[in-house]
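Enquirer: The structure follows.
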Amino acid sequence: MRVACPLCGDRDSREFTPVGGAELVARPAPEAGAEAWDDYLHNRVNACGPSQELWYHGAGCASWLVVERDTASHEVLGVTLAREVAR
Amino acid sequence: MRVQGRGHALDRGRSLPFSFDGQMMHGHPGDTLASALLANDQRVIARSFKYHRPRGLFSAGPEEPNGLVTVRGPWGPVPNQRATMAELYEGFCAVSQNRWPSLGFDVLGVNDLAHPWLGAGFYYKTFMWPPKFWLKLYEPFIRRAAGIGALSREHDDTPQEKAFAFCDLLVIGGGPAGLMAAREAGRAGKRVILCDEQSGFGGRLLGEREEVGGMPGHLWAAGVVAELEAMPNVRVMARTCVTGVYDHGTFAAVERVGEHLAKPGADLPATCFWRIVAGASVLATGAVERMVAFPGNDRPGVMAGGAVRSYLNRWGVLAGPRVAVFGGGAGVARTARELAAVGLPPVAVIDSRAGAEAPEGVEAPFFAGAQVAAVQGRMGVQSVTVQAGRTREKIGADVLAVCGGWVPQVQLATHLGAKPEWRDGLFLAPDGAVPGMVVAGAAAGLAGTAEALRSGAEAAVKALGLTGDVELPEAEDGPREEAPHFVDLKGRAFLDMGNDVTVKDIRLAAQEGFARAEHTKRYTTQGMAPDQGRVSGEAAMAVLAEATGRTLAETGLTTHRPPFAPVSIGAMGAGGRGKGFAPVRETTSHAATVEAGAPMVEAGLWYRASYFPREGESTWREACDREVRMVREAVGVCDVSTLGKIDVQGPGAAALLDLLYTGKMSGLKEGRVRYGLMLREDGHVMDDGTVARLGAEHYLVTTTTGAAGPVMRHVDFAAQVLAPELDVQAISVTEHWAQFAVAGPRARAVLGAVVQEVPDLPFMGCAAVDVAGVAGRLFRISFSGEAGWELAVPARYGAALWAALVAAAEAEGGGAYGMEALNVLRIEKGFVTHAEIHGRVTAGDVGLGGMVSPSKDCIGKVMSQREGLADGPHREQLVGLRAVGAVKALSAGAFLFDEGAEATRVNAQGYTTSACWSPTLESGIALGFVKDGRARHGERMSFVDHLRDVRTVVEVCDPVFLDPEGTRMRGPVEGEGNWGSPSLKAAAPLVREAVEAGGVQLSVLEPRPMFAVLPLGGAKVTLGGMGFPAPGESAAKGVARLCWWGAGQAMLIGAEPGRVKGAAVVDQSDAWVGFALEGAGAAEVLARLVPLELETMADGAVARSLLGHMPLALVRTGAGFALYTFRSMAGTAWGELEHALRGVAARA
Ligand SMILES: [Zn+2]
């Protein structure tokens, strides 16, 4: 697989660590309640199709990335710095 | 037998002796093992997989299902090599497989007599009961009876290489279509890679007598290859099989580099496993001639018609003088004419089509609308029975050439999941099956050379969006074949010859309900042999279609998956041996430690001293006990450089650490250190360590050795994703500092020997110190329970400081201690490591619930307060365990039960995590977790280690076995050092002589200042006239170069920056080691280790990536590359680079 890091360019997937759904970007407030925290930590859409994922470019620029990827075709639809998504 | 006047591949002037099954034979340069064996009239090459039937060659190419042999190559025996692909060299040695005692007489040939009972599903039905017979009886029997080549069971030392390549267009297959595609793209200036799995380019042109552009086809092909090889933008790769298609234009290919040579050079790899990244691709893999299933079609001498022509034209060989030809179409006439042309017209021409006409100009008995009903001759064809209508005729023959029609090789086009479609009588790849791939030539179902040439050129134009005219050479057209898939007559007709699958087996599968293609395959093993059913798959599906009353289009083909051709595990795992798999990280005390005779223990990739044996000590325990007593009674020195160290700076640093740690780090005073606990967001403990506040906005975080990487990632996550609003920078400084623990009642005296003015630090205090003239850092922390300090200096001084500390400690009655003693010391104190914080425990479980600050949020806090995780009697809590009675050696991983309870899982009250013999307490002790353990101190429990069969009684106690008040480590310390005014000599990180090979030079760069420049507050940072570099770039001024080094970070190399406005500056001079790789082939060498497109990098361009498994910062310099990797791994990096350099040079 190839992932186009916004900083480093098109790279081999061995440089990255996929971490899971991009839901992890939106951390609930401490008082958000059990349901919000349960969703945040455990519940994922796991779509067959376009999905938002978190990848870490650990062997490159050390950026956390939000990768939009079609889980059926494996097509990468877009890569954004997670820092920008989180803001 | 050889035929004069044919065989353009051969150098007949030279003779090559070789051996097959110990028999000496002769061939010529240009021969394959297959052609040479046929020339020596060796008809039986192998015994079949299940029935041990004698088998000969069916094909002349990579699709060969029968001719598998073991080749005794330069690196040892290699099983299952295709005789058709093995290039002959002087002294070539091959042996046949799956026979005992010999090919001629095989004891298990009796299986063939039992064939009525050995059909599909035989194993499933027969070896069912009783289940326990499987392991001891059935499986060994089946393994011996069925099989192909056997492994040698020797360690495999075959040198294997891997490499990365990038191109605009990958052309797979070098026949007429592939050559035209490569030529078009090459002439257009595109970067092209052309691969063909054979040793020569030309595909079918090598086996046919055809003219292309007014010259013999094989000469035209050679001319195109010469033109391509002269183009700097084209890489021509013979002997390279593309084996897999993966996502986003990634391809796997295996190149035979030295495997086919008699005496490969010392550094030459056997194979190279390529990962090719291509913008577009042309699939020009051609077609293979398929088998027709008729009774007796597996006899040695039954061969594909195209193979008979190839052997004749390319290698000047006929498998026998009397050839019968069978098929239905152009191939029949073509084969008959070729034979007639060398004066050996066929003994029979059998055309399955009713009303077919005899080939012109061939004097031979002709049968139209006829079939082959039987083939006689067990060890080789003797005669063929032809059935035309109701009459049968037996005709004497040595060879039966079967022209079954051509099957497009679309496997690679369907690796991403598309299914081949049945169109116009062929299984073809659907459009868009692989993004960016265009299928051309016979692989696209086209017949004839002219069509192949045209479609190849057009494929390149389409794949790359080229414009302009295409110049097409003149060539022949070829009509299509119309041969049957199978002949429905009585007798055993084989489909998959590799796995001995017959027409009857497929029908049986359909009858028993395994009627879908994938089910039939699994039930019968059709298509699962090394050739993956290349010549039999379509015919097998035709039999299935007929048996199930469906069309072939409805039946489909079975799924193609990588690899397309057999790939050895060694080739796939190239580069993954030894240090290539796990780089060795060495601390600065490594050499001295080895010299002291200390055995090493691996901690992650690090090597650490286990213990330092002294004279008279014969076991590790003696050394360990002595080292523990040494620390408790005098002083010990231990290298703790492997602990992760992260420098955190900026106005937001305190807030970031508050988010990361359970404790309130923002409240930490400057010059103080605090123990910290990090949770995962799910509420469990992730890691522990210390945080030191070095300045108002400057912290130093330490992590455990094993968690250094994950914690750095976690810090990046918190800073970039959870709190992007914070103005903070974090960078690992683990490699820059050498750090040593000095612990024990005499520790201060040892410090005083190397630090002239030892500051009076309180427990958990820190300060900058002058270590014999070197700027160092001193932390008063303890992991042993004794008065303790950790002293850090830049790594270049590490070796010198270690020597000075050990000498000073020995003068005080102490010395160096290793991991064994360190572990005992911390168990005695109840300090946890990852043995305890193993991922399922909370802060409360390890007795540190009080460290979770109530006044702020932190990662994991919300979840740690869930009902199930919150502290309480339902939790398993950390306890100490002391052995009671005679058995005193406790172990980790044992279960704990109430006394008298049965030792079963449901009764378990807890388990042990760490155990040791405590020389201080003179008792076996352990740490573990027990349900409601804190309330059970004083209770006795039974201790059961099922694995080591240890059963004893233990007493639960506080996990702090020693000095629970901590007076030893916190209390006042005494002892003035004997200041010996030592001088700390700087050591080079790595000393290696420069090496040169193949015009590429590798050398270690002189150490130069390196400072990380970390902008804060969004300032536009400039430095000595250099602007802050954009990603992937650098700026140079004089001897200094400011390189982009990662997200929001830069590295100044070659100069000291002093204070920089708007940026934190962190010294990294000792963290990285630089190498220079220079010369025209430098990129080619680096392609063995670095997954980057290097050729296109501009001068001064920078990339962060990997060197094998090691972190890499790479700067393109005029003459080559400057490469930086971690200091601790420099030895491994050098070894890997030198290996790559020599491997590439050996190809020249
Ligand atoms: Zn990146």
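In the structure tokens, chains take letters A, B, ... by order of appearance, with residues numbered from 1 within each chain and ligands from 1 in the order shown.
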Would you mind listing the residues within 9 Å of ligand 1, counting only C-alpha atoms and all ligand atoms, as a PDB file with N, CA and C atoms, in the first residue's frame?

Expert:
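The result, written out as pocket15.pdb:
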ATOM      1  N   ALA A   4      -0.110   8.808   0.926  1.00  0.00           N
ATOM      2  CA  ALA A   4       0.485  10.102   0.602  1.00  0.00           C
ATOM      3  C   ALA A   4       0.449  10.982   1.846  1.00  0.00           C
ATOM      4  N   CYS A   5       1.571  11.057   2.557  1.00  0.00           N
ATOM      5  CA  CYS A   5       1.657  11.922   3.736  1.00  0.00           C
ATOM      6  C   CYS A   5       1.689  13.371   3.263  1.00  0.00           C
ATOM      7  N   PRO A   6       0.890  14.238   3.881  1.00  0.00           N
ATOM      8  CA  PRO A   6       0.874  15.638   3.435  1.00  0.00           C
ATOM      9  C   PRO A   6       2.254  16.300   3.546  1.00  0.00           C
ATOM     10  N   LEU A   7       3.099  15.816   4.453  1.00  0.00           N
ATOM     11  CA  LEU A   7       4.422  16.418   4.602  1.00  0.00           C
ATOM     12  C   LEU A   7       5.485  15.681   3.801  1.00  0.00           C
ATOM     13  N   CYS A   8       5.441  14.353   3.776  1.00  0.00           N
ATOM     14  CA  CYS A   8       6.531  13.565   3.197  1.00  0.00           C
ATOM     15  C   CYS A   8       6.268  13.108   1.774  1.00  0.00           C
ATOM     16  N   GLY A   9       5.025  13.172   1.329  1.00  0.00           N
ATOM     17  CA  GLY A   9       4.710  12.665   0.000  1.00  0.00           C
ATOM     18  C   GLY A   9       4.313  11.198   0.037  1.00  0.00           C
ATOM     19  N   ASP A  10       4.269  10.597  -1.166  1.00  0.00           N
ATOM     20  CA  ASP A  10       3.802   9.228  -1.350  1.00  0.00           C
ATOM     21  C   ASP A  10       4.807   8.252  -0.742  1.00  0.00           C
ATOM     22  N   ARG A  11       4.355   7.447   0.218  1.00  0.00           N
ATOM     23  CA  ARG A  11       5.283   6.562   0.922  1.00  0.00           C
ATOM     24  C   ARG A  11       4.734   5.148   1.041  1.00  0.00           C
ATOM     25  N   GLU A  15       6.117   2.472   6.555  1.00  0.00           N
ATOM     26  CA  GLU A  15       6.545   3.596   7.390  1.00  0.00           C
ATOM     27  C   GLU A  15       5.455   4.026   8.371  1.00  0.00           C
ATOM     28  N   PHE A  16       4.261   3.481   8.221  1.00  0.00           N
ATOM     29  CA  PHE A  16       3.113   3.948   9.002  1.00  0.00           C
ATOM     30  C   PHE A  16       2.616   2.882   9.969  1.00  0.00           C
ATOM     31  N   TYR A  56      -0.257   6.712  11.928  1.00  0.00           N
ATOM     32  CA  TYR A  56       0.884   7.439  12.496  1.00  0.00           C
ATOM     33  C   TYR A  56       2.087   7.265  11.589  1.00  0.00           C
ATOM     34  N   HIS A  57       2.665   8.345  11.139  1.00  0.00           N
ATOM     35  CA  HIS A  57       3.826   8.242  10.249  1.00  0.00           C
ATOM     36  C   HIS A  57       5.104   8.183  11.090  1.00  0.00           C
ATOM     37  N   GLY A  58       5.202   7.115  11.855  1.00  0.00           N
ATOM     38  CA  GLY A  58       6.277   6.988  12.832  1.00  0.00           C
ATOM     39  C   GLY A  58       7.661   6.901  12.225  1.00  0.00           C
ATOM     40  N   ALA A  59       7.780   6.262  11.055  1.00  0.00           N
ATOM     41  CA  ALA A  59       9.101   6.149  10.441  1.00  0.00           C
ATOM     42  C   ALA A  59       9.340   7.294   9.457  1.00  0.00           C
ATOM     43  N   GLY A  60       8.475   8.286   9.491  1.00  0.00           N
ATOM     44  CA  GLY A  60       8.664   9.448   8.629  1.00  0.00           C
ATOM     45  C   GLY A  60       8.721  10.704   9.476  1.00  0.00           C
ATOM     46  N   CYS A  61       7.701  11.555   9.321  1.00  0.00           N
ATOM     47  CA  CYS A  61       7.729  12.866   9.963  1.00  0.00           C
ATOM     48  C   CYS A  61       7.121  12.846  11.361  1.00  0.00           C
ATOM     49  N   ALA A  62       6.619  11.711  11.829  1.00  0.00           N
ATOM     50  CA  ALA A  62       5.985  11.570  13.139  1.00  0.00           C
ATOM     51  C   ALA A  62       4.655  12.314  13.227  1.00  0.00           C
ATOM     52  N   SER A  63       4.008  12.510  12.092  1.00  0.00           N
ATOM     53  CA  SER A  63       2.676  13.118  12.116  1.00  0.00           C
ATOM     54  C   SER A  63       1.605  12.057  12.311  1.00  0.00           C
ATOM     55  N   TRP A  64       0.579  12.445  13.047  1.00  0.00           N
ATOM     56  CA  TRP A  64      -0.650  11.651  13.086  1.00  0.00           C
ATOM     57  C   TRP A  64      -1.520  12.108  11.932  1.00  0.00           C
ATOM     58  N   LEU A  65      -2.063  11.149  11.194  1.00  0.00           N
ATOM     59  CA  LEU A  65      -2.800  11.469   9.981  1.00  0.00           C
ATOM     60  C   LEU A  65      -4.211  10.897  10.040  1.00  0.00           C
TER      61      LEU A  65
ATOM     62  N   PRO B1031       8.890  21.126   4.355  1.00  0.00           N
ATOM     63  CA  PRO B1031       9.033  19.670   4.433  1.00  0.00           C
ATOM     64  C   PRO B1031       9.831  19.123   3.252  1.00  0.00           C
ATOM     65  N   GLY B1046      11.223  16.547  10.305  1.00  0.00           N
ATOM     66  CA  GLY B1046       9.966  15.951  10.762  1.00  0.00           C
ATOM     67  C   GLY B1046       8.950  17.056  10.963  1.00  0.00           C
ATOM     68  N   ALA B1047       7.739  16.653  11.391  1.00  0.00           N
ATOM     69  CA  ALA B1047       6.644  17.614  11.521  1.00  0.00           C
ATOM     70  C   ALA B1047       7.047  18.766  12.438  1.00  0.00           C
ATOM     71  N   ARG B1104      12.753  11.708   5.824  1.00  0.00           N
ATOM     72  CA  ARG B1104      12.797  10.797   6.964  1.00  0.00           C
ATOM     73  C   ARG B1104      12.177   9.494   6.509  1.00  0.00           C
ATOM     74  N   SER B1105      12.847   8.387   6.797  1.00  0.00           N
ATOM     75  CA  SER B1105      12.321   7.099   6.356  1.00  0.00           C
ATOM     76  C   SER B1105      12.985   5.989   7.155  1.00  0.00           C
TER      77      SER B1105
END

Enquirer: Using only C-alpha atoms, determine which residues lie at most 9 Å from region 75-79 of chain A, disregarding the query and same-chain residues fewer than 4 positions distant; provide the list as a list in words.

Expert: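 Final neighbour list, sorted by chain and number: Arg2, Val3, Ala4, Cys5, Pro6, Pro50, Leu65, Val66, Val67, Glu68, Arg69, Asp70 and Thr71 of chain A; Asp247 and His248 of chain B.
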
Enquirer: Write a file of the just-selected residues containing all heavy atoms, as a tab-separated table (two decimals), in the first residue's frame.

Expert:
chain	number	residue	atom	x	y	z
A	2	ARG	N	0.31	2.31	-0.53
A	2	ARG	CA	0.99	3.60	-0.54
A	2	ARG	C	0.08	4.61	0.15
A	2	ARG	O	-1.14	4.59	-0.02
A	2	ARG	CB	1.23	4.08	-1.97
A	2	ARG	CG	1.90	3.07	-2.87
A	2	ARG	CD	3.38	2.89	-2.61
A	2	ARG	NE	4.13	4.10	-2.85
A	2	ARG	CZ	5.43	4.22	-2.54
A	2	ARG	NH1	6.06	3.20	-1.99
A	2	ARG	NH2	6.07	5.34	-2.78
A	3	VAL	N	0.69	5.44	0.97
A	3	VAL	CA	-0.06	6.50	1.65
A	3	VAL	C	0.65	7.82	1.36
A	3	VAL	O	1.87	7.92	1.52
A	3	VAL	CB	-0.12	6.25	3.17
A	3	VAL	CG1	-0.85	7.39	3.87
A	3	VAL	CG2	-0.81	4.93	3.47
A	4	ALA	N	-0.11	8.81	0.93
A	4	ALA	CA	0.49	10.10	0.60
A	4	ALA	C	0.45	10.98	1.85
A	4	ALA	O	-0.58	11.57	2.17
A	4	ALA	CB	-0.26	10.75	-0.55
A	5	CYS	N	1.57	11.06	2.56
A	5	CYS	CA	1.66	11.92	3.74
A	5	CYS	C	1.69	13.37	3.26
A	5	CYS	O	2.43	13.70	2.34
A	5	CYS	CB	2.93	11.58	4.53
A	5	CYS	SG	3.26	12.75	5.85
A	6	PRO	N	0.89	14.24	3.88
A	6	PRO	CA	0.87	15.64	3.44
A	6	PRO	C	2.25	16.30	3.55
A	6	PRO	O	2.54	17.24	2.82
A	6	PRO	CB	-0.13	16.31	4.38
A	6	PRO	CG	-0.96	15.20	4.92
A	6	PRO	CD	-0.08	14.00	4.96
A	50	PRO	N	-15.99	3.98	2.13
A	50	PRO	CA	-15.16	5.07	2.65
A	50	PRO	C	-15.16	5.11	4.18
A	50	PRO	O	-16.21	5.04	4.80
A	50	PRO	CB	-15.82	6.32	2.06
A	50	PRO	CG	-16.50	5.83	0.83
A	50	PRO	CD	-16.97	4.44	1.17
A	65	LEU	N	-2.06	11.15	11.19
A	65	LEU	CA	-2.80	11.47	9.98
A	65	LEU	C	-4.21	10.90	10.04
A	65	LEU	O	-4.43	9.83	10.61
A	65	LEU	CB	-2.09	10.87	8.76
A	65	LEU	CG	-0.61	11.21	8.60
A	65	LEU	CD1	0.01	10.37	7.49
A	65	LEU	CD2	-0.43	12.68	8.30
A	66	VAL	N	-5.14	11.63	9.44
A	66	VAL	CA	-6.47	11.06	9.20
A	66	VAL	C	-6.49	10.63	7.74
A	66	VAL	O	-6.34	11.45	6.85
A	66	VAL	CB	-7.58	12.08	9.51
A	66	VAL	CG1	-8.93	11.51	9.08
A	66	VAL	CG2	-7.59	12.41	10.99
A	67	VAL	N	-6.60	9.33	7.54
A	67	VAL	CA	-6.59	8.77	6.19
A	67	VAL	C	-8.01	8.38	5.83
A	67	VAL	O	-8.63	7.57	6.52
A	67	VAL	CB	-5.65	7.55	6.11
A	67	VAL	CG1	-5.71	6.90	4.73
A	67	VAL	CG2	-4.22	7.96	6.44
A	68	GLU	N	-8.53	8.95	4.76
A	68	GLU	CA	-9.84	8.52	4.28
A	68	GLU	C	-9.60	7.44	3.24
A	68	GLU	O	-8.91	7.65	2.25
A	68	GLU	CB	-10.64	9.67	3.68
A	68	GLU	CG	-12.09	9.25	3.48
A	68	GLU	CD	-12.96	10.31	2.85
A	68	GLU	OE1	-12.46	11.39	2.51
A	68	GLU	OE2	-14.15	10.03	2.70
A	69	ARG	N	-10.14	6.26	3.53
A	69	ARG	CA	-9.80	5.10	2.72
A	69	ARG	C	-11.05	4.26	2.49
A	69	ARG	O	-11.88	4.11	3.38
A	69	ARG	CB	-8.76	4.26	3.49
A	69	ARG	CG	-7.98	3.27	2.69
A	69	ARG	CD	-6.90	2.66	3.58
A	69	ARG	NE	-7.49	1.83	4.61
A	69	ARG	CZ	-7.69	0.51	4.47
A	69	ARG	NH1	-7.32	-0.10	3.38
A	69	ARG	NH2	-8.23	-0.19	5.44
A	70	ASP	N	-11.17	3.74	1.28
A	70	ASP	CA	-12.27	2.84	0.98
A	70	ASP	C	-11.84	1.43	1.40
A	70	ASP	O	-10.93	0.86	0.80
A	70	ASP	CB	-12.59	2.89	-0.52
A	70	ASP	CG	-13.87	2.15	-0.86
A	70	ASP	OD1	-14.07	1.03	-0.32
A	70	ASP	OD2	-14.68	2.67	-1.64
A	71	THR	N	-12.51	0.90	2.41
A	71	THR	CA	-12.07	-0.40	2.93
A	71	THR	C	-12.41	-1.54	1.97
A	71	THR	O	-11.89	-2.63	2.12
A	71	THR	CB	-12.72	-0.71	4.30
A	71	THR	OG1	-14.13	-0.59	4.16
A	71	THR	CG2	-12.22	0.24	5.37
B	247	ASP	N	-1.89	-3.28	-3.75
B	247	ASP	CA	-2.60	-2.01	-3.88
B	247	ASP	C	-1.69	-0.87	-4.33
B	247	ASP	O	-0.49	-0.86	-4.06
B	247	ASP	CB	-3.21	-1.65	-2.52
B	247	ASP	CG	-4.41	-2.53	-2.21
B	247	ASP	OD1	-5.22	-2.75	-3.13
B	247	ASP	OD2	-4.53	-2.99	-1.07
B	248	HIS	N	-2.32	0.09	-4.99
B	248	HIS	CA	-1.69	1.38	-5.30
B	248	HIS	C	-0.44	1.24	-6.16
B	248	HIS	O	0.58	1.88	-5.89
B	248	HIS	CB	-1.39	2.15	-4.01
B	248	HIS	CG	-2.56	2.19	-3.07
B	248	HIS	ND1	-2.43	2.06	-1.71
B	248	HIS	CD2	-3.89	2.30	-3.31
B	248	HIS	CE1	-3.62	2.09	-1.15
B	248	HIS	NE2	-4.52	2.24	-2.10

Enquirer: Would you please give, as number ranges by chain, all residues of region 247-336 of chain B that DSSP assigns to helix (DSSP H, G or I) based on the backbone?

Expert: B: 247-249, 305-315, 330-336

Enquirer: Tell me as a ChimeraX atom specification which residues belonging to chain B come within 10 Å of chain A, counting only C-alpha atoms.

Expert: /B:246-250,277,416-417,435,681-682,709-710,712-713,716-725,856-863,866,1030-1032,1044-1049,1091-1093,1102-1107,1109-1113

Enquirer: Just to confirm, what's the straight-line distance from CA of Met528 (chain B) to CA of Val302 (chain B) in Å (one decimal)?

Expert: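 Result for CA of Met528 (chain B) versus CA of Val302 (chain B): 21.7 Å, one decimal.
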
Enquirer: Could you give me, as a PyMOL selection string, the residues within 8 Å of Val960 (chain B), counting only C-alpha atoms and dropping anything in the same chain fewer than 5 positions from it?

Expert: chain B and resi 827-831+880

Enquirer: Write out, as an mmCIF file, in the first residue's frame, the residues just selected, with C-alpha atoms.

Expert:
data_model
loop_
_atom_site.group_PDB
_atom_site.id
_atom_site.type_symbol
_atom_site.label_atom_id
_atom_site.label_comp_id
_atom_site.auth_asym_id
_atom_site.auth_seq_id
_atom_site.Cartn_x
_atom_site.Cartn_y
_atom_site.Cartn_z
ATOM 1 C CA ILE B 827 11.574 -6.547 43.699
ATOM 2 C CA GLU B 828 12.854 -6.195 47.264
ATOM 3 C CA LYS B 829 11.496 -2.652 47.165
ATOM 4 C CA GLY B 830 8.219 -3.533 45.447
ATOM 5 C CA PHE B 831 8.925 -1.245 42.486
ATOM 6 C CA GLY B 880 4.426 -9.260 48.186
#

Enquirer: Could you state the separation of CA of Ala821 (chain B) and CA of Ser618 (chain B) in Å, given to one decimal place?

Expert: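 If I compute the distance from CA of Ala821 (chain B) to CA of Ser618 (chain B), I get 16.0 Å.
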
Enquirer: Using only C-alpha atoms, which residue out of B:Trp117, B:Trp75, B:Trp315, B:Trp979 lies closest to Ala60 (chain B)?

Expert: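 For Ala60 (chain B), the nearest of the given residues is B:Trp315.
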
Enquirer: Apply DSSP to the structure's backbone, then extract all residues of region 6-75 of chain A labelled strand (DSSP E) and return them as a PyMOL selection string.

Expert: chain A and resi 9-12+17-21+50-56+64-70

Enquirer: Identify, on the basis of only C-alpha atoms, every residue whose closest approach to Arg44 (chain A) does not exceed 9 Å; exclude the query and any residue fewer than 3 positions from it along the same chain; express the result as a short mmCIF file (atom, residue, chain, number, x, y, z; two decimals) with N, CA, C and O atoms, in the first residue's frame.

Expert:
data_model
loop_
_atom_site.label_atom_id
_atom_site.label_comp_id
_atom_site.auth_asym_id
_atom_site.auth_seq_id
_atom_site.Cartn_x
_atom_site.Cartn_y
_atom_site.Cartn_z
N GLY A 20 -6.57 2.74 13.87
CA GLY A 20 -8.00 2.47 14.03
C GLY A 20 -8.82 3.63 13.52
O GLY A 20 -8.33 4.47 12.77
N GLY A 21 -10.07 3.68 13.94
CA GLY A 21 -10.99 4.69 13.47
C GLY A 21 -10.59 6.09 13.91
O GLY A 21 -10.01 6.29 14.97
N GLU A 23 -12.40 8.24 14.94
CA GLU A 23 -13.23 8.70 16.06
C GLU A 23 -12.35 9.15 17.23
O GLU A 23 -12.76 9.98 18.04
N ASP A 39 -18.76 5.11 23.40
CA ASP A 39 -18.70 5.31 21.95
C ASP A 39 -17.29 5.65 21.51
O ASP A 39 -16.77 5.10 20.53
N TYR A 40 -16.69 6.58 22.23
CA TYR A 40 -15.36 7.08 21.85
C TYR A 40 -14.32 5.95 21.83
O TYR A 40 -13.52 5.83 20.93
N LEU A 41 -14.40 5.12 22.86
CA LEU A 41 -13.36 4.10 23.01
C LEU A 41 -13.66 2.81 22.26
O LEU A 41 -12.74 2.15 21.76
N ALA A 47 -17.20 0.61 8.42
CA ALA A 47 -17.93 0.62 7.15
C ALA A 47 -17.22 -0.17 6.08
O ALA A 47 -15.99 -0.24 6.06
#

Enquirer: Quick one: of B:Thr1117, B:Phe740, B:Ala565, B:Trp422, who's nearest to Asn80 (chain B), counting only C-alpha atoms?

Expert: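 Of B:Thr1117, B:Phe740, B:Ala565, B:Trp422, the one nearest Asn80 (chain B), counting only C-alpha atoms, is B:Ala565.
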
Enquirer: By how many Å are CA of Pro745 (chain B) and CA of Gly975 (chain B) apart?

Expert: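 That distance, rounded to one decimal, is 8.5 Å.
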
Enquirer: Which residues are near Ile45 (chain B)? Cut-off 8 Å, only C-alpha atoms, ignore same chain within fewer than 2 positions. Put them as a list of chain:residue names.

Expert: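 Answer for this query is B:Gln42, B:Arg43, B:Arg47, B:Pro54, B:Arg55, B:Gly56, B:Leu57, B:Asn66, B:Gly67, B:Leu68, B:Val69, B:Ser96, B:Leu103.
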
Enquirer: For Leu312 (chain B), work out the shell of residues within 8 Å, counting only C-alpha atoms and skipping chain neighbours fewer than 6 positions away, then give it as a list in words.

Expert: Val3, Arg6, Gly7, Gly207 and Leu318 of chain B

Enquirer: Just to be explicit: take each residue in the selection above, keep C-alpha atoms, and write the result as a PDB file, in the first residue's frame.

Expert:
ATOM      1  CA  VAL B   3      18.189 -31.929 -34.799  1.00  0.00           C
ATOM      2  CA  ARG B   6      17.779 -25.697 -35.559  1.00  0.00           C
ATOM      3  CA  GLY B   7      18.322 -24.353 -32.035  1.00  0.00           C
ATOM      4  CA  GLY B 207       9.973 -20.884 -30.122  1.00  0.00           C
ATOM      5  CA  LEU B 318      12.986 -33.501 -30.546  1.00  0.00           C
TER       6      LEU B 318
END

Enquirer: Closest to Thr158 (chain B) among B:Pro74, B:Val234, B:Val640, B:Asp398, using only C-alpha atoms?

Expert: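 Comparing B:Pro74, B:Val234, B:Val640, B:Asp398 against Thr158 (chain B), the winner is B:Pro74.
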
Enquirer: So that I can see what lies close to Ser102 (chain B), please list as a VMD selection string the residues with an atom at most 12 Å from it, counting only C-alpha atoms and leaving out residues fewer than 4 positions away in the same chain.

Expert: chain B and resid 20 to 22 44 to 47 52 54 95 to 98 106 to 109
